[in-house]
Structure formats: structure tokens, C-alpha cells
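A.B. asks: You'll find data_18.tsv just under this line, and it carries TSV, C-alpha atoms and all ligand atoms.
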chain	number	residue	atom	x	y	z
A	1	MET	CA	29.25	44.22	32.29
A	2	PRO	CA	30.06	47.86	33.21
A	3	PRO	CA	29.14	48.78	36.81
A	4	GLY	CA	25.71	50.31	37.16
A	5	ARG	CA	24.30	48.56	34.10
A	6	ARG	CA	21.66	45.94	34.77
A	7	ARG	CA	21.59	42.88	32.54
A	8	LYS	CA	18.32	42.73	30.65
A	9	GLN	CA	16.49	39.57	31.56
A	10	HIS	CA	15.28	39.07	28.01
A	11	GLU	CA	16.46	40.57	24.76
A	12	ALA	CA	13.65	41.40	22.36
A	13	MET	CA	12.93	39.12	19.45
A	14	ILE	CA	11.59	40.31	16.10
A	15	ILE	CA	8.17	38.84	15.45
A	16	THR	CA	6.11	39.04	12.26
A	17	GLU	CA	2.89	37.59	13.67
A	18	ILE	CA	1.35	35.48	16.42
A	19	PHE	CA	-1.86	33.68	15.60
A	20	LYS	CA	-3.99	30.62	16.29
A	21	SER	CA	-4.82	28.20	13.53
A	22	ILE	CA	-5.08	24.55	12.56
A	23	GLN	CA	-1.66	22.98	12.27
A	24	GLY	CA	-1.26	22.37	8.53
A	25	GLU	CA	1.85	20.19	8.37
A	26	SER	CA	3.75	17.33	9.97
A	27	THR	CA	2.24	14.48	11.98
A	28	TYR	CA	0.57	17.18	14.12
A	29	ALA	CA	-1.58	18.34	11.17
A	30	GLY	CA	-5.18	18.99	12.06
A	31	LEU	CA	-4.58	20.05	15.66
A	32	PRO	CA	-5.35	23.54	17.00
A	33	CYS	CA	-2.04	25.31	17.46
A	34	SER	CA	-0.56	28.71	18.30
A	35	PHE	CA	1.99	30.02	15.84
A	36	ILE	CA	4.83	32.45	16.52
A	37	ARG	CA	6.33	33.65	13.25
A	38	THR	CA	9.75	35.22	13.64
A	39	THR	CA	11.06	37.80	11.17
A	40	GLY	CA	14.01	37.24	8.83
A	41	CYS	CA	15.40	34.31	6.88
A	42	ASN	CA	18.91	33.36	5.80
A	43	LEU	CA	17.53	31.45	2.77
A	44	ARG	CA	15.59	32.44	-0.34
A	45	CYS	CA	13.76	29.35	-1.56
A	46	VAL	CA	12.34	30.09	-5.01
A	47	TRP	CA	8.88	28.87	-3.99
A	48	CYS	CA	8.87	30.58	-0.57
A	49	ASP	CA	5.32	31.32	0.58
A	50	THR	CA	6.24	33.47	3.59
A	51	ASP	CA	8.44	36.15	2.06
A	52	TYR	CA	6.35	38.74	3.93
A	53	ALA	CA	8.32	37.55	7.00
A	54	PHE	CA	11.72	38.50	5.55
A	55	TYR	CA	11.59	42.10	6.79
A	56	GLY	CA	9.77	44.32	9.24
A	57	GLY	CA	8.27	42.70	12.31
A	58	LYS	CA	7.83	43.98	15.82
A	59	GLU	CA	10.16	43.76	18.81
A	60	MET	CA	8.70	41.55	21.53
A	61	THR	CA	10.24	40.16	24.70
A	62	ILE	CA	9.60	36.59	25.78
A	63	PRO	CA	7.10	37.66	28.48
A	64	GLU	CA	5.21	39.70	25.87
A	65	ILE	CA	5.09	36.69	23.55
A	66	LEU	CA	3.83	34.46	26.35
A	67	ASP	CA	1.12	37.03	27.14
A	68	ALA	CA	0.05	37.12	23.48
A	69	LEU	CA	-0.35	33.33	23.46
A	70	GLN	CA	-2.44	33.26	26.61
A	71	PRO	CA	-5.88	33.81	24.98
A	72	HIS	CA	-5.28	30.95	22.54
A	73	GLN	CA	-5.29	28.28	25.26
A	74	CYS	CA	-3.44	25.88	22.93
A	75	GLU	CA	-1.35	22.98	24.10
A	76	PHE	CA	0.64	23.05	20.85
A	77	VAL	CA	2.85	26.02	19.97
A	78	GLU	CA	4.88	26.22	16.77
A	79	ILE	CA	7.77	28.63	16.31
A	80	THR	CA	8.20	29.23	12.61
A	81	GLY	CA	9.48	31.90	10.24
A	82	GLY	CA	11.30	33.03	8.37
A	83	GLU	CA	14.04	31.11	10.12
A	84	PRO	CA	13.51	30.99	13.90
A	85	LEU	CA	17.10	29.93	14.61
A	86	LEU	CA	18.37	33.32	13.45
A	87	GLN	CA	17.10	34.76	16.73
A	88	SER	CA	19.29	34.06	19.72
A	89	GLU	CA	16.36	34.13	22.15
A	90	VAL	CA	14.47	31.28	20.46
A	91	PRO	CA	16.04	28.46	22.56
A	92	GLN	CA	15.10	30.38	25.72
A	93	LEU	CA	11.56	30.99	24.41
A	94	ALA	CA	11.22	27.27	23.67
A	95	GLU	CA	12.48	26.43	27.15
A	96	GLU	CA	9.91	28.69	28.77
A	97	LEU	CA	7.08	27.32	26.65
A	98	ILE	CA	8.04	23.77	27.63
A	99	ARG	CA	8.15	24.83	31.27
A	100	ALA	CA	4.60	26.18	30.82
A	101	LYS	CA	3.58	22.65	29.67
A	102	HIS	CA	3.26	23.36	25.97
A	103	THR	CA	4.31	20.94	23.26
A	104	VAL	CA	6.72	23.02	21.19
A	105	LEU	CA	7.33	22.51	17.48
A	106	ILE	CA	9.95	24.43	15.52
A	107	GLU	CA	10.08	24.65	11.73
A	108	THR	CA	13.60	25.22	10.51
A	109	GLY	CA	15.16	25.41	7.06
A	110	GLY	CA	18.01	22.99	7.79
A	111	ALA	CA	20.90	25.41	7.25
A	112	LEU	CA	21.52	26.48	10.88
A	113	ASP	CA	22.69	24.35	13.80
A	114	VAL	CA	19.65	22.75	15.45
A	115	SER	CA	21.57	21.59	18.54
A	116	VAL	CA	21.03	25.00	20.20
A	117	LEU	CA	17.42	23.94	20.90
A	118	PRO	CA	16.23	22.20	24.08
A	119	ALA	CA	15.99	18.42	23.66
A	120	ASP	CA	12.21	18.38	24.21
A	121	VAL	CA	11.44	20.58	21.23
A	122	VAL	CA	10.00	18.79	18.19
A	123	LYS	CA	12.12	19.95	15.28
A	124	ILE	CA	10.54	19.83	11.85
A	125	MET	CA	13.57	20.29	9.64
A	126	ASP	CA	13.61	20.84	5.89
A	127	ILE	CA	16.06	19.23	3.57
A	128	LYS	CA	16.09	21.66	0.68
A	129	CYS	CA	15.69	19.97	-2.71
A	130	PRO	CA	17.60	21.19	-5.80
A	131	GLU	CA	14.74	23.25	-7.24
A	132	SER	CA	14.41	25.28	-4.06
A	133	GLY	CA	17.70	26.90	-5.13
A	134	MET	CA	18.98	26.44	-1.56
A	135	MET	CA	20.27	22.85	-1.58
A	136	GLN	CA	23.88	23.98	-1.18
A	137	GLU	CA	23.00	25.77	2.08
A	138	MET	CA	22.01	22.55	3.88
A	139	ASN	CA	23.91	21.79	7.10
A	140	TRP	CA	24.21	18.01	6.79
A	141	ASP	CA	25.63	17.72	10.33
A	142	ASN	CA	22.11	18.49	11.54
A	143	LEU	CA	21.02	14.96	10.59
A	144	LYS	CA	23.15	13.61	13.45
A	145	LYS	CA	21.59	16.07	15.88
A	146	LEU	CA	17.95	15.08	15.36
A	147	THR	CA	16.18	12.96	17.94
A	148	PRO	CA	13.55	10.31	17.13
A	149	ARG	CA	10.74	12.78	17.91
A	150	ASP	CA	11.91	15.11	15.14
A	151	GLU	CA	10.56	15.10	11.58
A	152	ILE	CA	12.28	15.73	8.25
A	153	LYS	CA	10.47	17.48	5.42
A	154	PHE	CA	11.19	17.55	1.69
A	155	VAL	CA	9.22	20.13	-0.29
A	156	ILE	CA	9.05	18.74	-3.81
A	157	ASN	CA	8.75	20.88	-6.92
A	158	SER	CA	9.13	18.29	-9.72
A	159	ARG	CA	10.02	14.70	-10.59
A	160	ASN	CA	13.71	15.73	-10.42
A	161	ASP	CA	13.27	16.90	-6.83
A	162	TYR	CA	11.41	13.69	-6.02
A	163	ASP	CA	14.19	11.47	-7.42
A	164	TRP	CA	16.81	13.47	-5.50
A	165	ALA	CA	14.80	13.27	-2.27
A	166	MET	CA	14.37	9.50	-2.68
A	167	LYS	CA	18.15	9.10	-3.07
A	168	ILE	CA	18.82	11.15	0.08
A	169	LEU	CA	16.13	9.18	1.94
A	170	TYR	CA	17.90	5.88	1.21
A	171	ASP	CA	21.53	7.10	1.28
A	172	HIS	CA	21.02	8.42	4.82
A	173	GLN	CA	18.40	5.83	5.86
A	174	LEU	CA	16.38	8.76	7.17
A	175	TYR	CA	13.17	6.79	7.63
A	176	ARG	CA	14.77	4.45	10.19
A	177	ARG	CA	14.83	7.12	12.89
A	178	ASN	CA	12.55	9.95	11.85
A	179	VAL	CA	9.20	10.53	10.23
A	180	VAL	CA	9.95	11.77	6.72
A	181	LEU	CA	7.43	14.07	5.07
A	182	PHE	CA	7.11	14.55	1.30
A	183	SER	CA	5.09	17.64	0.44
A	184	PRO	CA	4.33	19.11	-3.01
A	185	VAL	CA	5.07	22.77	-3.66
A	186	TYR	CA	1.69	24.50	-3.52
A	187	GLN	CA	0.06	24.77	-6.97
A	188	THR	CA	3.16	23.49	-8.77
A	189	ILE	CA	2.85	19.73	-9.06
A	190	PRO	CA	-0.60	18.17	-8.67
A	191	PRO	CA	-0.64	16.53	-5.22
A	192	HIS	CA	-2.02	13.27	-6.67
A	193	GLU	CA	1.10	12.93	-8.90
A	194	LEU	CA	3.40	13.00	-5.89
A	195	ALA	CA	1.08	10.55	-4.10
A	196	GLU	CA	1.23	8.17	-7.09
A	197	TRP	CA	5.05	8.30	-7.25
A	198	ILE	CA	5.22	7.45	-3.53
A	199	LEU	CA	2.84	4.52	-4.05
A	200	GLN	CA	4.69	3.22	-7.13
A	201	ASP	CA	8.01	3.27	-5.24
A	202	ASN	CA	6.47	2.14	-1.96
A	203	LEU	CA	8.45	4.81	-0.15
A	204	PRO	CA	8.58	4.77	3.66
A	205	VAL	CA	7.51	8.42	3.85
A	206	ARG	CA	4.41	10.32	4.85
A	207	PHE	CA	2.69	12.29	2.07
A	208	GLN	CA	1.34	15.64	3.21
A	209	ILE	CA	-0.36	18.64	1.73
A	210	GLN	CA	-0.50	21.99	3.49
A	211	LEU	CA	-3.85	21.62	5.19
A	212	HIS	CA	-4.08	25.33	6.10
A	213	LYS	CA	-3.88	26.20	2.40
A	214	VAL	CA	-6.70	23.80	1.57
A	215	LEU	CA	-8.74	25.62	4.22
A	216	TRP	CA	-7.70	29.25	3.69
A	217	GLY	CA	-5.45	29.55	0.61
A	218	GLU	CA	-2.41	31.78	0.99
A	219	THR	CA	-3.87	34.11	3.63
A	220	PRO	CA	-1.10	35.36	5.96
A	221	GLY	CA	-1.74	34.57	9.61
A	222	ARG	CA	-3.33	31.23	8.70
A	301	LIG	S1	13.51	28.70	4.57
A	301	LIG	FE1	11.29	28.98	4.69
A	301	LIG	S2	10.99	31.20	5.06
A	301	LIG	FE2	13.13	30.92	4.38
A	301	LIG	S3	13.04	31.28	2.16
A	301	LIG	FE3	12.84	29.04	2.48
A	301	LIG	S4	10.61	28.70	2.58
A	301	LIG	FE4	10.96	30.91	2.86
Go through the file and emit its structure as C-alpha cells.

C.D. replies:
Amino acid sequence: MPPGRRRKQHEAMIITEIFKSIQGESTYAGLPCSFIRTTGCNLRCVWCDTDYAFYGGKEMTIPEILDALQPHQCEFVEITGGEPLLQSEVPQLAEELIRAKHTVLIETGGALDVSVLPADVVKIMDIKCPESGMMQEMNWDNLKKLTPRDEIKFVINSRNDYDWAMKILYDHQLYRRNVVLFSPVYQTIPPHELAEWILQDNLPVRFQIQLHKVLWGETPGR
């Protein structure tokens, strides 16, 4: 560092929104939770429901983010996007939230290396199915980097996606170490169809629907 220049303690992150809601997904569904939505994504899933987070956003430092969470008084904090792992300060943010006694969840698309995150973070990692258009972007090494507290999510758009997800589930024996979530794409396949396929095949997965959308539809910040 050149003499006379002070190292900034925290670089700013780009944040689309910070809000309090009911956790809509994963085994934490139903719990009050603070959400930090980072800006930007390296993927373009055809059914993406948060494309408003691709651009824009506001620069915030970690202390500013912690201040914004304060009024929520939530034990659970989820960092989501966009793709949170695009921002180099996210591991540090997670570390500081853990130090402040929060349970930290991170939603990630599965294409970027998850091992940069502190071990205590609960990673909820997508495996992108063929009809997302992003299957080829998956970083399969990430499967070895998950811990038993992490969860794996397949967002399913059709019977073809379901059959592919079932093959991956068994080929990699995913259910032996992690909770595996099967979730229908919102308003694409009727949720009961996916539920019936899971029952017929007796799959060792957890069916989920996006609870926040049942409550509030596609309202941003929910
Ligand atoms: S990874 Fe998430 S935010 Fe990015 S395009 Fe896919 S659904 Fe949208």
C-alpha cells in the first residue's frame, strides 16, 4: 500500500434491498428472517424472479448493513441475490453476523466456489436443472464442499427437469448428507403434480413451495 494511504476497513457492497419477512424456503421456512439482497448475478435462469436485482443497487459498508438490520431484531439473517458470492465482502459480512449471534443463511446459484464462506454459514445451494438454461454453469466441485448443515435445492420446471433432478439425486447420493429440496417454478407446474411425482417415486427429498409467494405474490422486498 502506498505510504500515507490508509487501508479501508470495509469495502462497500452493492445492495438491492434489506427487508424483514417470513422465510419462504428451505427447512427454515415460516420463521421471521432479515434478508440482505445483493445486486448482480452471473447467471440468467429463464424463470428468474429477482431480475430487478441484476443492476442498480446502493453501496453499503458492512457496518451500514448491520445498522439497517438492527430494527428487525431477527435471529435469522439470509444473504441472497442476485448472487451473493459475486461480492468479495460477503464472507466477512457473514463472519460478522455470526459473531453477532445470528444464524446466517446464504442462497447461492451453485456456479461459484462456496468454500470462501465461513463454516458456520448455512448454504442453500441450487443445482440448476436443464430448463433453467444454466445447467452448464454448475460448479460440481461445490458438492464436496457442503457440510451436513447445508441444503441443496432443485427448482423444477417440468417432468424433464424432475427426471434429471432425480438422476442427480441418486447418482451423487445427495440425500445421504444434505436436505434436498424440490421446488416447482412459480406458476409453471401445478405444485400438486410435483408432490404426486415425489410420492409415486418415494423420493428422499423435501417438497417446498415458496411460502412468501403464497402470502404476498411476486412483491419485491417480500
Ligand atoms: S441464480 Fe438466482 S438471481 Fe441469478 S438468474 Fe438464477 S434465479 Fe435469478

A.B. asks: Ligand LIG 301 (chain A): which residues are within 6 Å, counting all atoms listed in the file, as a list in words?

C.D. replies: Cys41, Leu43, Arg44, Cys45, Cys48, Thr50, Asp51, Gly81, Gly82, Glu83 and Gly109 of chain A

A.B. asks: Counting all atoms listed in the file, I want the residues whose atoms come within 9 Å of (5.6, 19.3, -3.2) in the file frame, returned as a PDB file with C-alpha atoms, keeping the file's coordinate frame.

C.D. replies:
ATOM      1  CA  PHE A 154      11.190  17.550   1.690  1.00  0.00           C
ATOM      2  CA  VAL A 155       9.220  20.130  -0.290  1.00  0.00           C
ATOM      3  CA  ILE A 156       9.050  18.740  -3.810  1.00  0.00           C
ATOM      4  CA  ASN A 157       8.750  20.880  -6.920  1.00  0.00           C
ATOM      5  CA  SER A 158       9.130  18.290  -9.720  1.00  0.00           C
ATOM      6  CA  ASP A 161      13.270  16.900  -6.830  1.00  0.00           C
ATOM      7  CA  TYR A 162      11.410  13.690  -6.020  1.00  0.00           C
ATOM      8  CA  PHE A 182       7.110  14.550   1.300  1.00  0.00           C
ATOM      9  CA  SER A 183       5.090  17.640   0.440  1.00  0.00           C
ATOM     10  CA  PRO A 184       4.330  19.110  -3.010  1.00  0.00           C
ATOM     11  CA  VAL A 185       5.070  22.770  -3.660  1.00  0.00           C
ATOM     12  CA  TYR A 186       1.690  24.500  -3.520  1.00  0.00           C
ATOM     13  CA  GLN A 187       0.060  24.770  -6.970  1.00  0.00           C
ATOM     14  CA  THR A 188       3.160  23.490  -8.770  1.00  0.00           C
ATOM     15  CA  ILE A 189       2.850  19.730  -9.060  1.00  0.00           C
ATOM     16  CA  PRO A 190      -0.600  18.170  -8.670  1.00  0.00           C
ATOM     17  CA  PRO A 191      -0.640  16.530  -5.220  1.00  0.00           C
ATOM     18  CA  LEU A 194       3.400  13.000  -5.890  1.00  0.00           C
ATOM     19  CA  GLN A 208       1.340  15.640   3.210  1.00  0.00           C
ATOM     20  CA  ILE A 209      -0.360  18.640   1.730  1.00  0.00           C
TER      21      ILE A 209
END

A.B. asks: What separation in Å, quoted to one decimal, exists between atom CA of Ser34 of chain A and atom CA of Ile14 of chain A?

C.D. replies: 16.9 Å

A.B. asks: Would you mind listing what lies within 12 Å of Arg222 of chain A as a PDB file with C-alpha atoms, in the coordinates of the input, with all atoms listed in the file counted and same-chain residues fewer than 5 positions away left out?

C.D. replies:
ATOM      1  CA  GLU A  17       2.890  37.590  13.670  1.00  0.00           C
ATOM      2  CA  ILE A  18       1.350  35.480  16.420  1.00  0.00           C
ATOM      3  CA  PHE A  19      -1.860  33.680  15.600  1.00  0.00           C
ATOM      4  CA  LYS A  20      -3.990  30.620  16.290  1.00  0.00           C
ATOM      5  CA  SER A  21      -4.820  28.200  13.530  1.00  0.00           C
ATOM      6  CA  ILE A  22      -5.080  24.550  12.560  1.00  0.00           C
ATOM      7  CA  GLN A  23      -1.660  22.980  12.270  1.00  0.00           C
ATOM      8  CA  GLY A  24      -1.260  22.370   8.530  1.00  0.00           C
ATOM      9  CA  PRO A  32      -5.350  23.540  17.000  1.00  0.00           C
ATOM     10  CA  CYS A  33      -2.040  25.310  17.460  1.00  0.00           C
ATOM     11  CA  SER A  34      -0.560  28.710  18.300  1.00  0.00           C
ATOM     12  CA  PHE A  35       1.990  30.020  15.840  1.00  0.00           C
ATOM     13  CA  ILE A  36       4.830  32.450  16.520  1.00  0.00           C
ATOM     14  CA  ARG A  37       6.330  33.650  13.250  1.00  0.00           C
ATOM     15  CA  ASP A  49       5.320  31.320   0.580  1.00  0.00           C
ATOM     16  CA  THR A  50       6.240  33.470   3.590  1.00  0.00           C
ATOM     17  CA  GLN A 210      -0.500  21.990   3.490  1.00  0.00           C
ATOM     18  CA  LEU A 211      -3.850  21.620   5.190  1.00  0.00           C
ATOM     19  CA  HIS A 212      -4.080  25.330   6.100  1.00  0.00           C
ATOM     20  CA  LYS A 213      -3.880  26.200   2.400  1.00  0.00           C
ATOM     21  CA  VAL A 214      -6.700  23.800   1.570  1.00  0.00           C
ATOM     22  CA  LEU A 215      -8.740  25.620   4.220  1.00  0.00           C
ATOM     23  CA  TRP A 216      -7.700  29.250   3.690  1.00  0.00           C
ATOM     24  CA  GLY A 217      -5.450  29.550   0.610  1.00  0.00           C
TER      25      GLY A 217
END

A.B. asks: Pick out the residues sitting within 10 Å of Leu174 of chain A, and hand them over as a short mmCIF file (atom, residue, chain, number, x, y, z; two decimals) with C-alpha atoms, in the coordinates of the input; count all atoms listed in the file, and ignore anything fewer than 3 positions along from it in its own chain.

C.D. replies:
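Okay, this is what ended up in result.cif:
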data_model
loop_
_atom_site.label_atom_id
_atom_site.label_comp_id
_atom_site.auth_asym_id
_atom_site.auth_seq_id
_atom_site.Cartn_x
_atom_site.Cartn_y
_atom_site.Cartn_z
CA LEU A 143 21.02 14.96 10.59
CA GLU A 151 10.56 15.10 11.58
CA ILE A 152 12.28 15.73 8.25
CA ILE A 168 18.82 11.15 0.08
CA LEU A 169 16.13 9.18 1.94
CA TYR A 170 17.90 5.88 1.21
CA ASP A 171 21.53 7.10 1.28
CA ARG A 177 14.83 7.12 12.89
CA ASN A 178 12.55 9.95 11.85
CA VAL A 179 9.20 10.53 10.23
CA VAL A 180 9.95 11.77 6.72
CA PRO A 204 8.58 4.77 3.66
CA VAL A 205 7.51 8.42 3.85
#

A.B. asks: Quick check, in Å to one decimal: how far apart do atom CA of Thr27 of chain A and atom CA of Ala68 of chain A lie?

C.D. replies: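 Atom CA of Thr27 of chain A sits 25.5 Å away from atom CA of Ala68 of chain A.
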
A.B. asks: Measure the distance from atom CA of Glu96 of chain A to atom CA of Ile62 of chain A in Å and round it to one decimal.

C.D. replies: 8.5 Å

A.B. asks: Which one of A:Met13, A:Ile65, A:Ala100, A:Val77 sits closest to Leu31 of chain A if you count all atoms listed in the file?

C.D. replies: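 The answer is A:Val77, which sits nearest to Leu31 of chain A.
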
A.B. asks: Let me make sure I understand: among A:Val121, A:Ile15, A:Met60, A:Met135, which one has the smallest atom-to-atom distance to Lys101 of chain A if we use all atoms listed in the file?

C.D. replies: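 That would be A:Val121, the residue with the smallest distance to Lys101 of chain A.
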
A.B. asks: If you count all atoms listed in the file, which residues fall within 8 Å of Leu203 of chain A, apart from same-chain ones fewer than 3 positions away, as a short mmCIF file (atom, residue, chain, number, x, y, z; two decimals) with C-alpha atoms, in the coordinates of the input?

C.D. replies:
data_model
loop_
_atom_site.label_atom_id
_atom_site.label_comp_id
_atom_site.auth_asym_id
_atom_site.auth_seq_id
_atom_site.Cartn_x
_atom_site.Cartn_y
_atom_site.Cartn_z
CA MET A 166 14.37 9.50 -2.68
CA ILE A 198 5.22 7.45 -3.53
CA LEU A 199 2.84 4.52 -4.05
#

A.B. asks: Under the rule that all atoms listed in the file are counted, which of A:Gly110, A:Gly30, A:Pro148, A:Gly57 is the nearest residue to Met134 of chain A?

C.D. replies: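 Among A:Gly110, A:Gly30, A:Pro148, A:Gly57, it is A:Gly110 that comes nearest to Met134 of chain A.
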